[in-house]
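Participant: Provided herewith: data18.txt, compact mmCIF, C-alpha atoms.
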# COMPACT_ATOMS: atom_id res chain seq x y z
CA MET W 16 -9.85 11.21 12.65
CA THR W 17 -12.05 12.05 15.62
CA ASP W 18 -13.68 8.61 15.34
CA ASN W 19 -10.53 7.04 16.79
CA ALA W 20 -11.08 6.78 20.53
CA LEU W 21 -7.56 7.62 21.71
CA LEU W 22 -6.52 9.88 18.86
CA ARG W 23 -9.19 12.42 19.76
CA ARG W 24 -7.91 12.47 23.34
CA LEU W 25 -4.38 13.49 22.40
CA PRO W 26 -3.51 17.03 23.56
CA ALA W 27 -2.86 19.80 21.02
CA SER W 28 0.75 20.17 22.21
CA HIS W 29 3.40 17.83 23.59
CA THR W 30 3.78 19.76 26.85
CA CYS W 31 1.03 18.13 28.92
CA SER W 32 2.04 16.77 32.30
CA GLY W 33 1.99 13.07 33.03
CA GLY W 34 -0.96 13.62 35.34
CA GLU W 35 -3.07 15.26 32.65
CA LEU W 36 -2.20 12.54 30.15
CA LEU W 37 -3.16 9.91 32.70
CA ASP W 38 -6.54 11.59 33.22
CA ARG W 39 -7.14 11.60 29.48
CA PHE W 40 -6.37 7.90 29.22
CA LEU W 41 -8.59 7.05 32.19
CA ASP W 42 -11.42 8.92 30.45
CA TYR W 43 -10.96 6.50 27.55
CA VAL W 44 -11.11 3.55 29.97
CA ALA W 45 -14.31 4.90 31.48
CA GLU W 46 -15.84 5.43 28.02
CA ARG W 47 -15.24 1.76 27.25
CA LYS W 48 -16.94 0.90 30.57
CA LEU W 49 -13.85 -0.92 31.81
CA GLU W 50 -12.73 -1.27 35.41
CA LEU W 51 -8.98 -1.60 35.83
CA TYR W 52 -7.62 -4.58 37.75
CA PRO W 53 -5.18 -3.61 40.54
CA ALA W 54 -2.18 -4.85 38.51
CA GLN W 55 -3.29 -2.86 35.46
CA GLU W 56 -3.68 0.30 37.51
CA GLU W 57 -0.31 -0.14 39.19
CA ALA W 58 1.50 -0.78 35.91
CA ILE W 59 -0.09 2.23 34.17
CA LEU W 60 0.82 4.53 37.06
CA GLU W 61 4.43 3.34 36.97
CA LEU W 62 4.64 3.87 33.20
CA PHE W 63 3.28 7.41 33.44
CA ASP W 64 5.97 8.00 36.06
CA ASP W 65 8.59 7.18 33.36
CA ARG W 66 9.69 3.88 34.87
CA ASN W 67 10.49 0.63 33.13
CA VAL W 68 7.84 -1.97 33.96
CA ILE W 69 7.94 -5.77 34.01
CA LEU W 70 4.32 -6.95 33.90
CA ASN W 71 4.01 -10.57 34.97
CA THR W 72 0.30 -11.37 35.23
CA PRO W 73 -1.90 -14.26 34.03
CA THR W 74 -3.42 -14.52 30.58
CA GLY W 75 -6.67 -12.60 30.37
CA SER W 76 -5.65 -9.98 32.95
CA GLY W 77 -5.53 -7.06 30.52
CA LYS W 78 -1.87 -6.59 29.62
CA SER W 79 -2.84 -5.23 26.18
CA LEU W 80 -4.62 -2.27 27.78
CA VAL W 81 -1.43 -1.41 29.70
CA ALA W 82 0.50 -1.48 26.43
CA THR W 83 -2.09 0.81 24.84
CA ALA W 84 -1.61 3.27 27.70
CA LEU W 85 2.11 3.45 26.94
CA HIS W 86 1.46 4.01 23.22
CA PHE W 87 -0.88 6.85 24.16
CA LYS W 88 1.63 8.47 26.51
CA SER W 89 4.43 8.19 23.97
CA MET W 90 2.43 9.68 21.12
CA ALA W 91 1.07 12.48 23.33
CA GLN W 92 4.65 13.47 24.15
CA GLY W 93 5.73 13.49 20.51
CA GLN W 94 7.71 10.27 20.82
CA ARG W 95 7.61 6.98 18.92
CA SER W 96 6.73 3.61 20.43
CA VAL W 97 7.13 0.06 19.19
CA TYR W 98 5.18 -3.12 19.99
CA THR W 99 6.92 -6.42 19.37
CA CYS W 100 6.03 -10.08 19.85
CA PRO W 101 7.04 -13.54 18.53
CA ILE W 102 4.46 -14.31 15.84
CA LYS W 103 3.15 -12.44 12.81
CA ALA W 104 -0.50 -13.26 13.54
CA LEU W 105 -0.32 -11.38 16.84
CA VAL W 106 1.56 -8.47 15.25
CA ASN W 107 -1.18 -8.21 12.60
CA GLU W 108 -3.91 -8.30 15.24
CA LYS W 109 -2.30 -5.57 17.36
CA PHE W 110 -1.77 -3.45 14.25
CA LEU W 111 -5.47 -3.56 13.39
CA ALA W 112 -6.51 -2.88 17.00
CA LEU W 113 -4.18 0.13 17.30
CA CYS W 114 -5.40 1.48 13.95
CA ARG W 115 -8.90 1.55 15.41
CA ASP W 116 -7.75 3.54 18.43
CA PHE W 117 -5.13 5.86 16.94
CA GLY W 118 -6.01 5.99 13.24
CA PRO W 119 -4.27 4.04 10.44
CA GLU W 120 -2.11 7.01 9.53
CA ASN W 121 -0.42 6.78 12.94
CA VAL W 122 0.30 3.04 13.05
CA GLY W 123 2.77 1.01 10.99
CA ILE W 124 3.62 -2.67 10.67
CA ALA W 125 6.77 -4.60 9.77
CA THR W 126 6.83 -8.40 9.85
CA GLY W 127 9.25 -9.48 7.15
CA ASP W 128 6.29 -10.41 4.93
CA ALA W 129 5.06 -6.84 4.55
CA THR W 130 5.89 -3.34 5.66
CA VAL W 131 3.33 -0.53 5.85
CA ASN W 132 3.86 3.00 7.19
CA ARG W 133 7.11 1.99 8.90
CA ASN W 134 7.92 5.53 10.11
CA ALA W 135 4.59 6.00 11.91
CA PRO W 136 4.51 7.12 15.55
CA ILE W 137 3.50 3.56 16.53
CA LEU W 138 5.13 0.52 14.93
CA CYS W 139 4.06 -3.12 15.35
CA CYS W 140 6.75 -5.61 14.41
CA THR W 141 8.18 -9.03 15.11
CA ALA W 142 10.98 -9.30 17.65
CA GLU W 143 13.61 -9.89 14.97
CA ILE W 144 12.74 -6.60 13.24
CA LEU W 145 13.31 -4.67 16.45
CA ALA W 146 16.53 -6.59 17.10
CA ASN W 147 17.84 -5.49 13.71
CA VAL W 148 17.03 -1.86 14.55
CA ALA W 149 18.76 -2.25 17.91
CA LEU W 150 21.87 -3.73 16.30
CA ALA W 151 22.06 -0.99 13.69
CA GLU W 152 21.19 2.03 15.82
CA GLY W 153 21.49 1.06 19.48
CA ALA W 154 21.15 4.08 21.76
CA VAL W 155 19.96 6.30 18.91
CA ALA W 156 17.14 3.97 17.87
CA PRO W 157 14.02 6.04 17.13
CA PHE W 158 11.76 4.43 19.74
CA ARG W 159 11.39 6.10 23.11
CA ASP W 160 9.03 3.40 24.40
CA VAL W 161 9.48 -0.32 23.73
CA ILE W 162 6.79 -2.91 24.46
CA MET W 163 7.96 -6.53 24.32
CA ASP W 164 5.06 -8.97 24.55
CA GLU W 165 5.43 -12.69 25.31
CA PHE W 166 8.76 -11.78 26.87
CA HIS W 167 9.35 -15.34 28.11
CA TYR W 168 10.73 -15.97 24.60
CA TYR W 169 13.89 -14.38 25.98
CA SER W 170 14.91 -17.90 27.04
CA ASP W 171 14.12 -19.55 23.68
CA ASN W 172 17.17 -21.38 22.35
CA SER W 173 16.75 -20.34 18.74
CA ARG W 174 15.05 -16.94 18.95
CA GLY W 175 15.89 -15.57 22.38
CA VAL W 176 18.63 -13.31 21.02
CA ALA W 177 15.98 -11.12 19.37
CA TRP W 178 14.64 -10.26 22.84
CA GLN W 179 18.11 -9.87 24.33
CA VAL W 180 19.66 -7.41 21.86
CA PRO W 181 17.34 -4.42 22.55
CA LEU W 182 17.94 -4.82 26.29
CA LEU W 183 21.67 -4.58 25.70
CA THR W 184 21.75 -1.60 23.36
CA MET W 185 18.71 0.73 23.54
CA ARG W 186 19.69 2.69 26.62
CA ASN W 187 17.63 5.78 25.74
CA SER W 188 14.37 3.82 25.62
CA ARG W 189 11.91 2.83 28.30
CA PHE W 190 10.71 -0.76 28.38
CA LEU W 191 7.45 -2.57 29.13
CA LEU W 192 8.13 -6.30 29.29
CA MET W 193 4.99 -8.47 29.42
CA SER W 194 4.38 -12.18 29.93
CA ALA W 195 2.01 -14.50 31.74
CA THR W 196 4.74 -17.09 32.38
CA LEU W 197 7.87 -15.39 33.68
CA GLY W 198 9.94 -16.90 36.45
CA SER W 199 12.31 -14.79 38.53
CA THR W 200 12.63 -11.26 37.14
CA THR W 201 15.44 -10.00 39.40
CA VAL W 202 18.10 -9.95 36.69
CA PHE W 203 15.86 -8.02 34.28
CA GLU W 204 14.95 -5.48 36.93
CA ARG W 205 18.62 -4.89 37.72
CA GLU W 206 19.85 -4.77 34.12
CA LEU W 207 17.05 -2.54 32.82
CA THR W 208 17.80 -0.02 35.55
CA ARG W 209 21.52 -0.19 34.75
CA LEU W 210 20.94 0.17 31.00
CA THR W 211 18.44 3.04 31.02
CA GLY W 212 19.36 4.82 34.24
CA GLU W 213 15.70 4.76 35.27
CA ALA W 214 14.01 2.73 37.98
CA THR W 215 12.30 -0.54 37.04
CA SER W 216 9.08 -1.72 38.65
CA VAL W 217 7.86 -5.30 38.73
CA VAL W 218 4.09 -5.69 38.70
CA ALA W 219 3.17 -9.31 39.33
CA SER W 220 -0.02 -11.21 40.13
CA VAL W 221 -1.10 -14.85 40.16
CA THR W 222 -4.81 -14.10 40.34
CA ARG W 223 -6.57 -15.02 37.12
CA PRO W 224 -9.73 -12.94 36.50
CA VAL W 225 -11.57 -15.99 35.10
CA PRO W 226 -10.49 -19.20 36.92
CA LEU W 227 -9.97 -22.32 34.81
CA GLN W 228 -11.06 -25.91 35.34
CA PHE W 229 -9.04 -28.85 33.99
CA ARG W 230 -10.07 -32.35 32.95
CA TYR W 231 -8.19 -35.30 31.44
CA GLU W 232 -10.02 -37.69 29.12
CA ASP W 233 -8.62 -40.68 27.23
CA LYS W 234 -11.67 -42.90 26.61
CA VAL W 235 -13.49 -41.03 23.85
CA SER W 236 -12.50 -40.02 20.34
CA LEU W 237 -11.49 -36.47 19.55
CA GLU W 238 -14.59 -35.98 17.41
CA ALA W 239 -16.86 -37.21 20.22
CA ALA W 240 -15.14 -34.98 22.75
CA VAL W 241 -15.63 -31.91 20.53
CA ALA W 242 -19.28 -32.76 19.93
CA THR W 243 -19.91 -33.15 23.67
CA LEU W 244 -18.30 -29.79 24.42
CA VAL W 245 -20.37 -27.99 21.79
CA GLU W 246 -23.61 -29.67 22.88
CA SER W 247 -22.98 -28.77 26.52
CA GLY W 248 -22.44 -25.08 25.76
CA GLN W 249 -18.67 -25.10 26.15
CA SER W 250 -17.93 -23.57 22.75
CA PRO W 251 -16.03 -21.85 21.20
CA VAL W 252 -13.56 -24.74 21.44
CA TYR W 253 -9.91 -24.27 20.51
CA VAL W 254 -8.60 -27.68 19.42
CA VAL W 255 -4.82 -27.54 19.78
CA HIS W 256 -2.43 -29.43 17.48
CA PHE W 257 1.33 -29.31 17.09
CA THR W 258 1.54 -29.66 13.31
CA GLN W 259 -0.34 -27.86 10.56
CA ASN W 260 -1.27 -31.12 8.89
CA ASP W 261 -2.89 -32.47 12.08
CA ALA W 262 -4.93 -29.29 12.45
CA ALA W 263 -6.14 -29.50 8.86
CA GLN W 264 -6.96 -33.21 9.18
CA THR W 265 -9.04 -32.71 12.33
CA THR W 266 -10.92 -29.87 10.64
CA GLN W 267 -11.81 -32.20 7.79
CA ASN W 268 -12.81 -35.00 10.19
CA LEU W 269 -15.14 -32.70 12.13
CA MET W 270 -17.13 -31.93 8.99
CA SER W 271 -19.05 -35.19 9.47
CA GLN W 272 -21.07 -33.66 12.32
CA ASN W 273 -23.38 -30.66 12.57
CA TYR W 274 -22.56 -27.97 15.13
CA CYS W 275 -24.72 -25.00 14.08
CA ASN W 276 -28.45 -24.50 13.82
CA ALA W 277 -30.10 -22.92 10.79
CA ALA W 278 -29.94 -19.38 12.17
CA GLU W 279 -26.24 -19.71 13.01
CA LYS W 280 -25.46 -21.03 9.53
CA ALA W 281 -27.40 -18.16 8.00
CA ALA W 282 -25.36 -15.68 10.05
CA LEU W 283 -22.13 -17.28 8.84
CA ALA W 284 -23.29 -17.20 5.23
CA GLU W 285 -24.12 -13.51 5.55
CA ALA W 286 -20.75 -12.75 7.15
CA LEU W 287 -18.97 -14.40 4.21
CA ILE W 288 -20.77 -12.41 1.51
CA GLY W 289 -18.16 -10.67 -0.62
CA VAL W 290 -15.22 -12.66 0.76
CA LYS W 291 -13.13 -14.17 -2.02
CA PHE W 292 -11.89 -17.74 -1.67
CA ASN W 293 -9.96 -17.92 -4.94
CA SER W 294 -6.88 -19.83 -3.77
CA PRO W 295 -6.54 -23.59 -4.40
CA TYR W 296 -7.53 -24.27 -0.77
CA GLY W 297 -10.24 -21.60 -0.69
CA LYS W 298 -13.16 -23.85 -1.59
CA ASP W 299 -12.45 -26.24 1.29
CA PHE W 300 -11.75 -23.35 3.68
CA LYS W 301 -15.11 -21.76 2.89
CA LYS W 302 -16.88 -25.07 3.56
CA PHE W 303 -15.24 -25.29 6.98
CA LEU W 304 -16.35 -21.79 7.91
CA ARG W 305 -19.92 -22.33 6.69
CA HIS W 306 -19.96 -25.33 9.05
CA GLY W 307 -18.89 -23.20 12.04
CA ILE W 308 -15.32 -24.51 12.05
CA GLY W 309 -12.23 -22.32 11.69
CA LEU W 310 -8.73 -23.45 10.75
CA HIS W 311 -5.80 -21.33 11.93
CA HIS W 312 -2.08 -21.95 11.37
CA ALA W 313 0.94 -20.18 9.89
CA GLY W 314 0.73 -22.09 6.61
CA LEU W 315 -2.53 -20.38 5.60
CA LEU W 316 -2.81 -17.16 3.66
CA PRO W 317 -2.87 -14.23 6.13
CA LYS W 318 -6.31 -13.16 4.90
CA TYR W 319 -7.73 -16.55 5.91
CA ARG W 320 -6.21 -16.38 9.39
CA VAL W 321 -7.55 -12.86 9.90
CA LEU W 322 -10.98 -13.96 8.69
CA VAL W 323 -11.07 -16.77 11.27
CA GLU W 324 -10.10 -14.29 14.00
CA GLN W 325 -12.79 -11.83 12.91
CA LEU W 326 -15.53 -14.47 12.74
CA ALA W 327 -14.51 -15.80 16.16
CA GLN W 328 -14.59 -12.31 17.66
CA LYS W 329 -18.16 -11.99 16.38
CA GLY W 330 -19.07 -15.26 18.10
CA LEU W 331 -19.87 -17.06 14.86
CA LEU W 332 -17.48 -20.02 15.11
CA LYS W 333 -18.08 -23.04 17.32
CA ILE W 334 -14.66 -24.64 16.84
CA ILE W 335 -11.19 -23.46 15.89
CA CYS W 336 -8.63 -26.10 14.93
CA GLY W 337 -5.19 -24.59 15.14
CA THR W 338 -1.57 -25.05 16.00
CA ASP W 339 -0.20 -23.93 19.34
CA THR W 340 0.87 -20.58 17.82
CA LEU W 341 -2.72 -19.39 18.32
CA GLY W 342 -1.94 -19.75 22.02
CA VAL W 343 0.63 -16.94 21.84
CA GLY W 344 -1.65 -14.09 22.72
CA VAL W 345 -3.93 -13.77 19.68
CA ASN W 346 -7.17 -12.20 20.92
CA VAL W 347 -9.69 -14.87 19.98
CA PRO W 348 -12.54 -15.49 22.46
CA ILE W 349 -12.30 -19.10 23.63
CA ARG W 350 -14.35 -20.92 26.24
CA THR W 351 -12.61 -24.30 26.10
CA VAL W 352 -9.11 -25.39 25.12
CA LEU W 353 -8.83 -29.02 24.01
CA LEU W 354 -5.28 -30.36 23.78
CA THR W 355 -4.94 -33.27 21.36
CA ARG W 356 -1.53 -34.24 22.75
CA LEU W 357 0.65 -33.45 25.74
CA SER W 358 3.93 -33.61 23.83
CA LYS W 359 5.42 -31.77 20.87
CA TYR W 360 8.55 -31.58 18.75
CA SER W 361 10.82 -28.94 20.26
CA GLY W 362 13.15 -28.58 17.29
CA SER W 363 15.48 -31.33 18.37
CA LYS W 364 13.24 -34.00 19.95
CA VAL W 365 9.69 -34.85 20.94
CA ALA W 366 9.15 -33.92 24.57
CA THR W 367 6.34 -33.47 27.07
CA LEU W 368 4.96 -29.94 27.19
CA THR W 369 6.70 -27.75 29.71
CA ALA W 370 4.64 -26.17 32.47
CA ARG W 371 5.14 -22.81 30.72
CA ASP W 372 3.82 -24.16 27.40
CA PHE W 373 0.84 -25.78 29.11
CA HIS W 374 -0.14 -22.60 30.98
CA GLN W 375 0.40 -20.46 27.88
CA ILE W 376 -1.84 -22.60 25.67
CA THR W 377 -4.60 -23.38 28.17
CA GLY W 378 -4.64 -19.72 29.21
CA ARG W 379 -6.45 -18.95 25.95
CA ALA W 380 -9.65 -20.11 27.65
CA GLY W 381 -11.91 -17.99 29.78
CA ARG W 382 -11.13 -14.39 28.98
CA LYS W 383 -13.36 -11.90 30.75
CA GLY W 384 -16.56 -11.29 28.81
Please, can you express the file's structure as structure tokens?

Facilitator:
Amino acid sequence: MTDNALLRRLPASHTCSGGELLDRFLDYVAERKLELYPAQEEAILELFDDRNVILNTPTGSGKSLVATALHFKSMAQGQRSVYTCPIKALVNEKFLALCRDFGPENVGIATGDATVNRNAPILCCTAEILANVALAEGAVAPFRDVIMDEFHYYSDNSRGVAWQVPLLTMRNSRFLLMSATLGSTTVFERELTRLTGEATSVVASVTRPVPLQFRYEDKVSLEAAVATLVESGQSPVYVVHFTQNDAAQTTQNLMSQNYCNAAEKAALAEALIGVKFNSPYGKDFKKFLRHGIGLHHAGLLPKYRVLVEQLAQKGLLKIICGTDTLGVGVNVPIRTVLLTRLSKYSGSKVATLTARDFHQITGRAGRKG
């Protein structure tokens, strides 16, 4: 248990002051050789002062670390916390990351597909799972601290209610609402304070730690554009599609070119030793990976999506062809985002990407480090 970085920093009793808990968490930050951005520091201080926090900062500015601080505080005080977001891939990723910090016995997951250790001190779940808890239990829901990631989904026509219900019913909880693309937050600040009886702080910034550059190109093929980016050192490249079939087709098309040298292919082959590809699509999927290309969309088996994320985090993939759901916060290191279209089907019609969608997807590029 002592191998888990934050678990071993938890106090023996639940009576530690907020100041002592803050010092313990900052020791963890120092051990990881991290330097907090001003917005991170401000948000963490507000959370340890028992305030609700609305964190509205750009992608890549470290919102996940702020969420981890709240999980730590909650667990240290003998309370339960819940992390929620729109997509299962991100829930799965956060679950694995929190297991590394707090130990698997202290973290649970509930996505609708699977439930593991649901009564753990920390639960990772989709927004609809939390909404069901809020509807059933309201003020007596078991979570003292609620983290709602990608909170801009509050305005989604079909799924927004899942973000709205907890804010209407869970008055004994404290909330951390996080998004890179929020507009005005005045109504949330007012209503959170009214609901919980505690002050609400808005921590906002428009400064992106790693600035982005943008370019529009319509005179070369997609395959040529990808090849140029890889050859010029702009990989990993996230090639964005708006249907699963398009993502799979591009992956197949890219197999006609070579993106990895012999040493890189050897590293990929070694990383795949022991991995089973025994589904009908497994043989093709393995070929893609051996070529330095990952495919990532909701139609794949979860183990394949997780494998792509793990290989990318090790720096072994040159290209990831995926749907825009990969743009919803999944922690995959990306240097370049390549949009194949500037329009998508919204559920009722094909429309040009909104500014929010564009910033959300392109924000996958250029994370620090």

Participant: Counting only C-alpha atoms, which residues have an atom no more than 10 Å from (0.5, -2.8, 41.1) in the file's coordinates? Please list them as a PyMOL selection string.

Facilitator: chain W and resi 52-61+70+216-220

Participant: Could you name the residues that touch segment 291-293 of chain W at 10 Å or less, counting only C-alpha atoms, but leaving out those on the same chain fewer than 5 positions away, as a VMD selection string?

Facilitator: chain W and resid 298 to 301 318 to 319

Participant: For the atom pair atom CA of Ile308 of chain W and atom CA of Asp339 of chain W, what is the interatomic distance in Å to one decimal place?

Facilitator: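 It comes out at 16.8 Å.
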
Participant: Please determine, counting all atoms listed in the file, which residue among W:Thr222, W:Thr30, W:Thr83, W:Thr351 has the shortest atom-to-atom distance to Ile335 of chain W.

Facilitator: W:Thr351

Participant: Please identify all polymer residues lying at most 12 Å from the point (5.9, 5.1, 9.5) (file coordinates), using all atoms listed in the file, and present the result as a CSV table (one decimal) with C-alpha atoms, in the coordinates of the input.

Facilitator:
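So result01.csv came out as:
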chain,number,residue,atom,x,y,z
W,95,ARG,CA,7.6,7.0,18.9
W,96,SER,CA,6.7,3.6,20.4
W,97,VAL,CA,7.1,0.1,19.2
W,119,PRO,CA,-4.3,4.0,10.4
W,120,GLU,CA,-2.1,7.0,9.5
W,121,ASN,CA,-0.4,6.8,12.9
W,122,VAL,CA,0.3,3.0,13.0
W,123,GLY,CA,2.8,1.0,11.0
W,124,ILE,CA,3.6,-2.7,10.7
W,125,ALA,CA,6.8,-4.6,9.8
W,130,THR,CA,5.9,-3.3,5.7
W,131,VAL,CA,3.3,-0.5,5.8
W,132,ASN,CA,3.9,3.0,7.2
W,133,ARG,CA,7.1,2.0,8.9
W,134,ASN,CA,7.9,5.5,10.1
W,135,ALA,CA,4.6,6.0,11.9
W,136,PRO,CA,4.5,7.1,15.6
W,137,ILE,CA,3.5,3.6,16.5
W,138,LEU,CA,5.1,0.5,14.9
W,139,CYS,CA,4.1,-3.1,15.4
W,140,CYS,CA,6.8,-5.6,14.4
W,157,PRO,CA,14.0,6.0,17.1
W,158,PHE,CA,11.8,4.4,19.7
